[in-house]
Structures are given as structure tokens and as C-alpha cells.
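Worksheet: one structure, shown below.
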Amino acid sequence: MIEVKNLVKDYGGHLAVDHLNFTIEDGQIYGFLGPNGAGKSTTMNIMTGYIGATEGDVLINGHNILEEPEEAKKCIGYLPELPPLYVDMTVMEQLEFAAELKRIPKKERKSAIGEVVALAKLEEVQGRLIRNLSKGYRQRVGLAQAVLGMPPVIILDEPTVGLDPKQIIEIRDMIRELGEKHTVILSSHILSEVSAVCDHILIIDRGKLIASDTPENLERQMAGAAGMELLVKGQEEEIREILEAIDGAEEIAVSESGEEGVRKVTFQLMGENCLEDGAEEAEREESEEREESEENEDMNIIP
Ligand code: ADP
Ligand code: MG
């Protein structure tokens, strides 16, 4: 179990992590979701002991990452945003070097390396220099290195960024497999990326935790309301009539836009699939209008 308590990282007056609190339970896959600059990498770097915090504590299975770094770090395998790989080493040399750093006993190294080579499907490239590997393979070497020694917690910072769709699917499958035996935390700025593999999603923005829930619940909440704002040329009554015909369109408000004959329209689309339904309806209305517009030119939706 990991406890993050009141974590703060202050970069010269800029709070990259702003009083963050959360708990990671054993045996689940967690997604750390947030836009670029949200503070995901900073938080992961603190959790893994790469950098210190300004305030707050991180406990890994009860060990404080600052006070008992050796004990705490033993529990974690980390794949940082930029995997620490030596491009002049072969895949095997890199993994042997990592095994040494992780102080895996000599007689266990061969089987420990064999295990992660199989997991990351690196058999074919074992003897190749890392500099000659594709981005996808390099990421797999980074992943193998993180998992080496089978620590109970695996932390992966944007593991699929920059990969092509086939490589993304391969990495996702590996993450799912890891999730069977390990607690996994991975970060991404793409919702579909984390909802594809995670049991639980933590959303952070500007260093703060703004949501924590299952992917299903979060998607339901997000589908629950989509705010729309349109500029529409036409009369208020006509605009209202069209919008009121859309299933799920609520809180319709029409006001002057400042431009003559153009009105500002805001409304909420409620319910599941509301965006698609709304879009289809709008398209249908538009094509009907197009037919009508031979005689009547005064109703145009300005995107
Ligand atoms: P994310 O991984 O979510 O994209 P980061 O944790 O990398 O976000 O960054 C969070 C914020 O902290 C950003 O505004 C970033 O510019 C800032 N930041 C990150 N590292 C440093 C640093 N070493 N010095 C100063 N500011 C930093
Ligand atoms: Mg990052």
C-alpha cells in the first residue's frame, strides 16, 4: 500500500504538486490522468525517491521514502518519462547492469533477467545494441528493467507516449499481465489510455487531485453533462424550437452576442451518448434547414 500525504513540490513559487493526498491499495492498476504540466511526473519522481518533496510524506508499505529509502525503493520498479538506458549497451548488458544496481543476488540474476525478457518479449533483440532499437523496443527494455526483481509496485510514467498503435497495444497487454501480480500505477494525459487498462483513475490538474474513481463512474459523470456554446444567426423563438427538440438539451439560454442578428446560445447536453445524439440531431436539423433555406436564408449556425 502507498500513502501520499499532503505532498507539496514548490519550484520557486510555482506549486507543481499542491497538497496532494491519496492512497494506493494493493493489487490494482491505477491511472494517473492529467494534462501536460499537471504534476504527474513530479509526483511519481517524489514517490520513487528520485527527487525530494517540499512538504508531505510518501509511505511505501509503511516505509517513508525519505527516511528509509532503501527499504521503500525495494518495493518499487520505476519507468521514468525518459527511460534510463545506455545506448552503447546491448539489451542483455543493460539488464545485467540493472540487476547489479538492484542488488539482485548473483545466482538469481539469470532467472530474474530471463523472466523479464520473456515478459517484455525481448528474446529476439537480446544481443542488439540499444541504440539500434526502435522506440517501441526501447520502451520494452525500460519496462523490463522496471519489473526486474519483481517489486510489488510498478510505476510507469507515460509508458505509451510516442508509440504507434501496434506498440501501444503490446505495452497495454504487458501492463494488464503485470496487474495480475503487481500493483501498477501509470500516468497518461489521455483518458482512453488509462480507462483501457486501469481499475481506478486519479485525475490531477495543476498539482491538485480533482477526482478519484473507477473509469466507468468517471465516464458516466463526464457523459452526464457537456456544456455547449454556439453563435447562431436567427430569431430567438426559432433557435429555442430547434434546441428544445433535441433529447437531453437542458438549461437553454439565448442572449445577444453583440453582433447584429447573431445570438449566443448556451445549453447543457445531459445523459449518455448525449454528444453523439446532439451532433446527429444538429446535423439532421441542419440538412432540413438547408432544404428550407432556398426560401428562408435567415437561420445559419456559425460554428
Ligand atoms: P506532467 O508530468 O503532469 O506533465 P510535471 O510534473 O512534469 O507535469 O510538471 C509539473 C509542473 O512543474 C510544470 O508546470 C512544470 O513546468 C514544472 N516543473 C517540472 N519540473 C521542474 C523543474 N525541475 N523546475 C521547475 N519547474 C518544473
Ligand atoms: Mg510528465
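Labeling convention for the C-alpha cells: chains A, B, ... as they appear, residues from 1 per chain, ligands from 1 in order of appearance.
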Helix (DSSP H, G or I) call set, DSSP backbone run, region 85-118 of chain A, as an mmCIF file with all heavy atoms, in the first residue's frame:
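Saved file result08.cif follows:
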data_model
loop_
_atom_site.group_PDB
_atom_site.id
_atom_site.type_symbol
_atom_site.label_atom_id
_atom_site.label_comp_id
_atom_site.auth_asym_id
_atom_site.auth_seq_id
_atom_site.Cartn_x
_atom_site.Cartn_y
_atom_site.Cartn_z
ATOM 1 N N VAL A 91 20.936 -5.151 -25.013
ATOM 2 C CA VAL A 91 19.785 -5.317 -24.118
ATOM 3 C C VAL A 91 20.198 -6.152 -22.900
ATOM 4 O O VAL A 91 19.890 -5.808 -21.752
ATOM 5 C CB VAL A 91 18.620 -5.977 -24.890
ATOM 6 C CG1 VAL A 91 17.504 -6.379 -23.933
ATOM 7 C CG2 VAL A 91 18.107 -5.050 -25.981
ATOM 8 N N MET A 92 20.922 -7.224 -23.154
ATOM 9 C CA MET A 92 21.351 -8.116 -22.071
ATOM 10 C C MET A 92 22.278 -7.392 -21.102
ATOM 11 O O MET A 92 22.121 -7.509 -19.881
ATOM 12 C CB MET A 92 22.073 -9.309 -22.706
ATOM 13 C CG MET A 92 21.630 -10.653 -22.231
ATOM 14 S SD MET A 92 19.951 -10.664 -21.643
ATOM 15 C CE MET A 92 19.894 -12.240 -20.924
ATOM 16 N N GLU A 93 23.244 -6.623 -21.654
ATOM 17 C CA GLU A 93 24.181 -5.895 -20.786
ATOM 18 C C GLU A 93 23.434 -4.893 -19.911
ATOM 19 O O GLU A 93 23.718 -4.744 -18.720
ATOM 20 C CB GLU A 93 25.227 -5.152 -21.636
ATOM 21 C CG GLU A 93 26.290 -6.066 -22.214
ATOM 22 C CD GLU A 93 27.109 -5.421 -23.318
ATOM 23 O OE1 GLU A 93 26.758 -4.304 -23.787
ATOM 24 O OE2 GLU A 93 28.101 -6.043 -23.739
ATOM 25 N N GLN A 94 22.460 -4.223 -20.514
ATOM 26 C CA GLN A 94 21.669 -3.248 -19.761
ATOM 27 C C GLN A 94 20.944 -3.916 -18.594
ATOM 28 O O GLN A 94 20.952 -3.429 -17.474
ATOM 29 C CB GLN A 94 20.652 -2.577 -20.702
ATOM 30 C CG GLN A 94 19.635 -1.693 -20.015
ATOM 31 C CD GLN A 94 20.150 -0.300 -19.685
ATOM 32 O OE1 GLN A 94 20.753 0.356 -20.509
ATOM 33 N NE2 GLN A 94 19.922 0.153 -18.462
ATOM 34 N N LEU A 95 20.333 -5.063 -18.882
ATOM 35 C CA LEU A 95 19.560 -5.741 -17.837
ATOM 36 C C LEU A 95 20.475 -6.322 -16.755
ATOM 37 O O LEU A 95 20.127 -6.312 -15.569
ATOM 38 C CB LEU A 95 18.659 -6.818 -18.452
ATOM 39 C CG LEU A 95 17.514 -6.272 -19.328
ATOM 40 C CD1 LEU A 95 16.745 -7.411 -19.985
ATOM 41 C CD2 LEU A 95 16.560 -5.392 -18.517
ATOM 42 N N GLU A 96 21.665 -6.784 -17.180
ATOM 43 C CA GLU A 96 22.615 -7.291 -16.174
ATOM 44 C C GLU A 96 23.085 -6.166 -15.263
ATOM 45 O O GLU A 96 23.193 -6.320 -14.053
ATOM 46 C CB GLU A 96 23.819 -7.956 -16.863
ATOM 47 C CG GLU A 96 23.519 -9.402 -17.212
ATOM 48 C CD GLU A 96 24.411 -9.956 -18.310
ATOM 49 O OE1 GLU A 96 25.417 -9.313 -18.660
ATOM 50 O OE2 GLU A 96 24.084 -11.050 -18.820
ATOM 51 N N PHE A 97 23.334 -5.001 -15.890
ATOM 52 C CA PHE A 97 23.750 -3.829 -15.132
ATOM 53 C C PHE A 97 22.650 -3.418 -14.142
ATOM 54 O O PHE A 97 22.909 -3.154 -12.966
ATOM 55 C CB PHE A 97 24.058 -2.703 -16.120
ATOM 56 C CG PHE A 97 24.424 -1.403 -15.477
ATOM 57 C CD1 PHE A 97 25.539 -1.304 -14.658
ATOM 58 C CD2 PHE A 97 23.662 -0.257 -15.704
ATOM 59 C CE1 PHE A 97 25.872 -0.095 -14.068
ATOM 60 C CE2 PHE A 97 23.994 0.948 -15.115
ATOM 61 C CZ PHE A 97 25.100 1.026 -14.289
ATOM 62 N N ALA A 98 21.406 -3.426 -14.632
ATOM 63 C CA ALA A 98 20.274 -3.054 -13.766
ATOM 64 C C ALA A 98 20.126 -4.047 -12.610
ATOM 65 O O ALA A 98 19.844 -3.657 -11.475
ATOM 66 C CB ALA A 98 18.991 -2.989 -14.588
ATOM 67 N N ALA A 99 20.360 -5.323 -12.886
ATOM 68 C CA ALA A 99 20.244 -6.358 -11.840
ATOM 69 C C ALA A 99 21.285 -6.110 -10.750
ATOM 70 O O ALA A 99 21.010 -6.290 -9.555
ATOM 71 C CB ALA A 99 20.420 -7.740 -12.454
ATOM 72 N N GLU A 100 22.475 -5.671 -11.186
ATOM 73 C CA GLU A 100 23.538 -5.379 -10.229
ATOM 74 C C GLU A 100 23.136 -4.192 -9.347
ATOM 75 O O GLU A 100 23.260 -4.232 -8.130
ATOM 76 C CB GLU A 100 24.786 -5.010 -11.033
ATOM 77 C CG GLU A 100 26.066 -5.570 -10.487
ATOM 78 C CD GLU A 100 27.223 -5.254 -11.433
ATOM 79 O OE1 GLU A 100 27.186 -5.749 -12.587
ATOM 80 O OE2 GLU A 100 28.120 -4.494 -11.024
ATOM 81 N N LEU A 101 22.632 -3.133 -10.020
ATOM 82 C CA LEU A 101 22.198 -1.943 -9.271
ATOM 83 C C LEU A 101 21.092 -2.277 -8.284
ATOM 84 O O LEU A 101 21.040 -1.732 -7.185
ATOM 85 C CB LEU A 101 21.674 -0.868 -10.226
ATOM 86 C CG LEU A 101 22.673 -0.056 -11.035
ATOM 87 C CD1 LEU A 101 21.949 1.028 -11.809
ATOM 88 C CD2 LEU A 101 23.745 0.576 -10.134
ATOM 89 N N LYS A 106 23.711 -12.669 -7.149
ATOM 90 C CA LYS A 106 24.313 -13.169 -8.390
ATOM 91 C C LYS A 106 23.642 -14.433 -8.918
ATOM 92 O O LYS A 106 23.353 -14.538 -10.103
ATOM 93 C CB LYS A 106 25.801 -13.424 -8.165
ATOM 94 C CG LYS A 106 26.660 -12.393 -8.885
ATOM 95 C CD LYS A 106 28.080 -12.857 -8.982
ATOM 96 C CE LYS A 106 28.855 -11.823 -9.776
ATOM 97 N NZ LYS A 106 30.086 -11.417 -9.152
ATOM 98 N N LYS A 107 23.408 -15.376 -8.013
ATOM 99 C CA LYS A 107 22.887 -16.660 -8.504
ATOM 100 C C LYS A 107 21.422 -16.573 -8.960
ATOM 101 O O LYS A 107 20.937 -17.452 -9.639
ATOM 102 C CB LYS A 107 23.102 -17.774 -7.481
ATOM 103 C CG LYS A 107 22.519 -17.513 -6.103
ATOM 104 C CD LYS A 107 22.869 -18.692 -5.197
ATOM 105 C CE LYS A 107 22.212 -18.662 -3.844
ATOM 106 N NZ LYS A 107 22.196 -17.401 -3.108
ATOM 107 N N GLU A 108 20.762 -15.475 -8.591
ATOM 108 C CA GLU A 108 19.355 -15.327 -9.022
ATOM 109 C C GLU A 108 19.221 -14.490 -10.288
ATOM 110 O O GLU A 108 18.152 -14.397 -10.869
ATOM 111 C CB GLU A 108 18.533 -14.647 -7.906
ATOM 112 C CG GLU A 108 18.337 -15.513 -6.686
ATOM 113 C CD GLU A 108 17.771 -14.733 -5.519
ATOM 114 O OE1 GLU A 108 17.073 -13.713 -5.741
ATOM 115 O OE2 GLU A 108 18.037 -15.139 -4.372
ATOM 116 N N ARG A 109 20.331 -13.848 -10.686
ATOM 117 C CA ARG A 109 20.234 -12.863 -11.778
ATOM 118 C C ARG A 109 19.735 -13.457 -13.081
ATOM 119 O O ARG A 109 18.891 -12.884 -13.748
ATOM 120 C CB ARG A 109 21.593 -12.199 -12.002
ATOM 121 C CG ARG A 109 21.775 -11.043 -11.045
ATOM 122 C CD ARG A 109 23.056 -10.311 -11.284
ATOM 123 N NE ARG A 109 23.470 -9.717 -10.018
ATOM 124 C CZ ARG A 109 24.669 -9.261 -9.746
ATOM 125 N NH1 ARG A 109 25.615 -9.328 -10.669
ATOM 126 N NH2 ARG A 109 24.936 -8.736 -8.582
ATOM 127 N N LYS A 110 20.304 -14.619 -13.428
ATOM 128 C CA LYS A 110 19.984 -15.202 -14.729
ATOM 129 C C LYS A 110 18.473 -15.458 -14.841
ATOM 130 O O LYS A 110 17.842 -15.081 -15.834
ATOM 131 C CB LYS A 110 20.761 -16.500 -14.931
ATOM 132 C CG LYS A 110 20.923 -16.842 -16.375
ATOM 133 C CD LYS A 110 22.023 -17.868 -16.597
ATOM 134 C CE LYS A 110 21.903 -18.390 -18.000
ATOM 135 N NZ LYS A 110 21.525 -19.790 -18.060
ATOM 136 N N SER A 111 17.915 -16.053 -13.817
ATOM 137 C CA SER A 111 16.487 -16.383 -13.907
ATOM 138 C C SER A 111 15.640 -15.112 -13.814
ATOM 139 O O SER A 111 14.608 -14.989 -14.482
ATOM 140 C CB SER A 111 16.085 -17.407 -12.848
ATOM 141 O OG SER A 111 16.061 -16.802 -11.585
ATOM 142 N N ALA A 112 16.103 -14.137 -13.001
ATOM 143 C CA ALA A 112 15.346 -12.878 -12.888
ATOM 144 C C ALA A 112 15.320 -12.158 -14.241
ATOM 145 O O ALA A 112 14.281 -11.637 -14.661
ATOM 146 C CB ALA A 112 15.975 -11.985 -11.825
ATOM 147 N N ILE A 113 16.475 -12.153 -14.932
ATOM 148 C CA ILE A 113 16.530 -11.483 -16.237
ATOM 149 C C ILE A 113 15.694 -12.263 -17.258
ATOM 150 O O ILE A 113 14.926 -11.679 -18.023
ATOM 151 C CB ILE A 113 17.994 -11.311 -16.702
ATOM 152 C CG1 ILE A 113 18.708 -10.294 -15.794
ATOM 153 C CG2 ILE A 113 18.062 -10.860 -18.158
ATOM 154 C CD1 ILE A 113 20.201 -10.169 -16.019
ATOM 155 N N GLY A 114 15.825 -13.583 -17.216
ATOM 156 C CA GLY A 114 15.048 -14.424 -18.134
ATOM 157 C C GLY A 114 13.554 -14.152 -18.013
ATOM 158 O O GLY A 114 12.835 -14.049 -19.022
ATOM 159 N N GLU A 115 13.115 -13.969 -16.797
ATOM 160 C CA GLU A 115 11.697 -13.722 -16.522
ATOM 161 C C GLU A 115 11.207 -12.425 -17.192
ATOM 162 O O GLU A 115 10.161 -12.399 -17.832
ATOM 163 C CB GLU A 115 11.551 -13.602 -15.001
ATOM 164 C CG GLU A 115 10.179 -13.828 -14.464
ATOM 165 C CD GLU A 115 10.210 -13.869 -12.918
ATOM 166 O OE1 GLU A 115 11.277 -13.541 -12.313
ATOM 167 O OE2 GLU A 115 9.192 -14.196 -12.339
ATOM 168 N N VAL A 116 12.001 -11.345 -17.058
ATOM 169 C CA VAL A 116 11.536 -10.065 -17.633
ATOM 170 C C VAL A 116 11.747 -10.005 -19.145
ATOM 171 O O VAL A 116 10.993 -9.327 -19.842
ATOM 172 C CB VAL A 116 12.174 -8.835 -16.934
ATOM 173 C CG1 VAL A 116 11.723 -8.759 -15.489
ATOM 174 C CG2 VAL A 116 13.684 -8.792 -17.047
ATOM 175 N N VAL A 117 12.758 -10.722 -19.642
ATOM 176 C CA VAL A 117 12.954 -10.794 -21.097
ATOM 177 C C VAL A 117 11.721 -11.462 -21.725
ATOM 178 O O VAL A 117 11.197 -11.007 -22.740
ATOM 179 C CB VAL A 117 14.262 -11.562 -21.447
ATOM 180 C CG1 VAL A 117 14.272 -11.999 -22.905
ATOM 181 C CG2 VAL A 117 15.481 -10.699 -21.144
ATOM 182 N N ALA A 118 11.240 -12.507 -21.071
ATOM 183 C CA ALA A 118 10.050 -13.201 -21.580
ATOM 184 C C ALA A 118 8.829 -12.294 -21.474
ATOM 185 O O ALA A 118 8.059 -12.155 -22.429
ATOM 186 C CB ALA A 118 9.833 -14.493 -20.813
#
- Query: Using only C-alpha atoms and all ligand atoms, which protein or nucleic acid residues are at most 6 Å from ligand 1, as a list in words?
  - Reply: Tyr11, Ala16, Asn36, Gly37, Ala38, Gly39, Lys40, Ser41 and Thr42 of chain A
For the residues in that selection, give me C-alpha atoms as a short mmCIF file (atom, residue, chain, number, x, y, z; two decimals), in the first residue's frame.
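part.cif, written as the output of this step:
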data_model
loop_
_atom_site.label_atom_id
_atom_site.label_comp_id
_atom_site.auth_asym_id
_atom_site.auth_seq_id
_atom_site.Cartn_x
_atom_site.Cartn_y
_atom_site.Cartn_z
CA TYR A 11 9.55 25.15 -7.79
CA ALA A 16 3.93 21.71 -9.25
CA ASN A 36 0.72 18.13 -19.57
CA GLY A 37 2.19 20.10 -16.71
CA ALA A 38 -0.37 18.77 -14.20
CA GLY A 39 2.38 17.44 -11.93
CA LYS A 40 2.23 13.71 -12.76
CA SER A 41 5.96 13.20 -13.34
CA THR A 42 6.87 15.35 -10.36
#
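Proximity to Arg140 (chain A) was assessed for A:Lys181, A:Lys121, A:Arg128, A:Arg240 counting only C-alpha atoms; the smallest distance is recorded for A:Lys121.
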How close does each residue of chain A get to ligand 2, giving the shortest atom pair and distance in Å to one decimal for every residue with an atom at most 12 Å away, counting only C-alpha atoms and all ligand atoms, sorted by chain and residue number, as a Markdown table?
| residue | atom | partner | partner_atom_place_in_ligand_line | distance |
| --- | --- | --- | --- | --- |
| A:Ala16 | CA | ligand 2 | 1 (Mg) | 11.2 |
| A:Phe32 | CA | ligand 2 | 1 (Mg) | 10.3 |
| A:Leu33 | CA | ligand 2 | 1 (Mg) | 10.3 |
| A:Gly34 | CA | ligand 2 | 1 (Mg) | 9.2 |
| A:Pro35 | CA | ligand 2 | 1 (Mg) | 8.9 |
| A:Asn36 | CA | ligand 2 | 1 (Mg) | 6.5 |
| A:Gly37 | CA | ligand 2 | 1 (Mg) | 6.8 |
| A:Ala38 | CA | ligand 2 | 1 (Mg) | 7.9 |
| A:Gly39 | CA | ligand 2 | 1 (Mg) | 6.9 |
| A:Lys40 | CA | ligand 2 | 1 (Mg) | 5.4 |
| A:Ser41 | CA | ligand 2 | 1 (Mg) | 4.1 |
| A:Thr42 | CA | ligand 2 | 1 (Mg) | 7.2 |
| A:Thr43 | CA | ligand 2 | 1 (Mg) | 9.2 |
| A:Met44 | CA | ligand 2 | 1 (Mg) | 8.8 |
| A:Asn45 | CA | ligand 2 | 1 (Mg) | 9.7 |
| A:Leu79 | CA | ligand 2 | 1 (Mg) | 11.7 |
| A:Pro80 | CA | ligand 2 | 1 (Mg) | 8.7 |
| A:Glu81 | CA | ligand 2 | 1 (Mg) | 6.3 |
| A:Leu82 | CA | ligand 2 | 1 (Mg) | 9.5 |
| A:Leu156 | CA | ligand 2 | 1 (Mg) | 10.4 |
| A:Asp157 | CA | ligand 2 | 1 (Mg) | 6.7 |
| A:Glu158 | CA | ligand 2 | 1 (Mg) | 6.9 |
| A:Pro159 | CA | ligand 2 | 1 (Mg) | 10.4 |
| A:Val161 | CA | ligand 2 | 1 (Mg) | 10.1 |
| A:Leu186 | CA | ligand 2 | 1 (Mg) | 10.8 |
| A:Ser187 | CA | ligand 2 | 1 (Mg) | 7.8 |
| A:Ser188 | CA | ligand 2 | 1 (Mg) | 8.0 |
| A:His189 | CA | ligand 2 | 1 (Mg) | 8.6 |
| A:Ile204 | CA | ligand 2 | 1 (Mg) | 11.7 |
| A:Gly207 | CA | ligand 2 | 1 (Mg) | 11.8 |
- Message: Can you tell me which residues surround Glu55 (chain A) at a distance of at most 10 Å, considering only C-alpha atoms, apart from same-chain residues fewer than 4 positions away, and format the answer as a PyMOL selection string?
- Response: chain A and resi 5-10+17-19
- What residues in region 34-233 of chain A get the DSSP label strand (DSSP E)? Please answer as a ChimeraX atom specification. /A:55-60,63-64,76-79,153-156,183-188,200-205,208-213,225-233
- Of A:Pro152, A:Pro165, A:Pro215, A:Gly77, the one nearest to Gly179 (chain A) when counting only C-alpha atoms is A:Pro152
- Message: I need the residue nearest Ile201 (chain A) from this list: A:Glu71, A:Asp213, A:Glu219, A:Glu250. Use only C-alpha atoms for the distance.
- Response: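 Nearest candidate to Ile201 (chain A) out of A:Glu71, A:Asp213, A:Glu219, A:Glu250: A:Asp213.
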- Taking only C-alpha atoms into account, which of A:Gly234, A:Gly52, A:Gly62, A:Gly31 comes nearest Ile155 (chain A)?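 Using only C-alpha atoms, Ile155 (chain A) sits closest to A:Gly31.
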- Task: Considering only C-alpha atoms, return as a ChimeraX atom specification whatever protein or nucleic-acid residues lie within 12 Å of Ala120 (chain A), sequence-local ones (same chain, fewer than 4 positions apart) excluded.
- Result: /A:91,113-116,124-126,136-148,167,170-175,177-178
- Item | For CA of Ile76 (chain A) and CA of Leu20 (chain A), the interatomic separation in Å (one decimal) |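 Value for the CA of Ile76 (chain A)-CA of Leu20 (chain A) distance: 19.9 Å.
Straight-line separation from CA of Glu180 (chain A) to CA of Gln28 (chain A): 8.2 Å.
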- One residue among A:Met89, A:Val254, A:Asp199, A:Val184 is nearest to Glu241 (chain A) when using only C-alpha atoms, and that residue is A:Val254
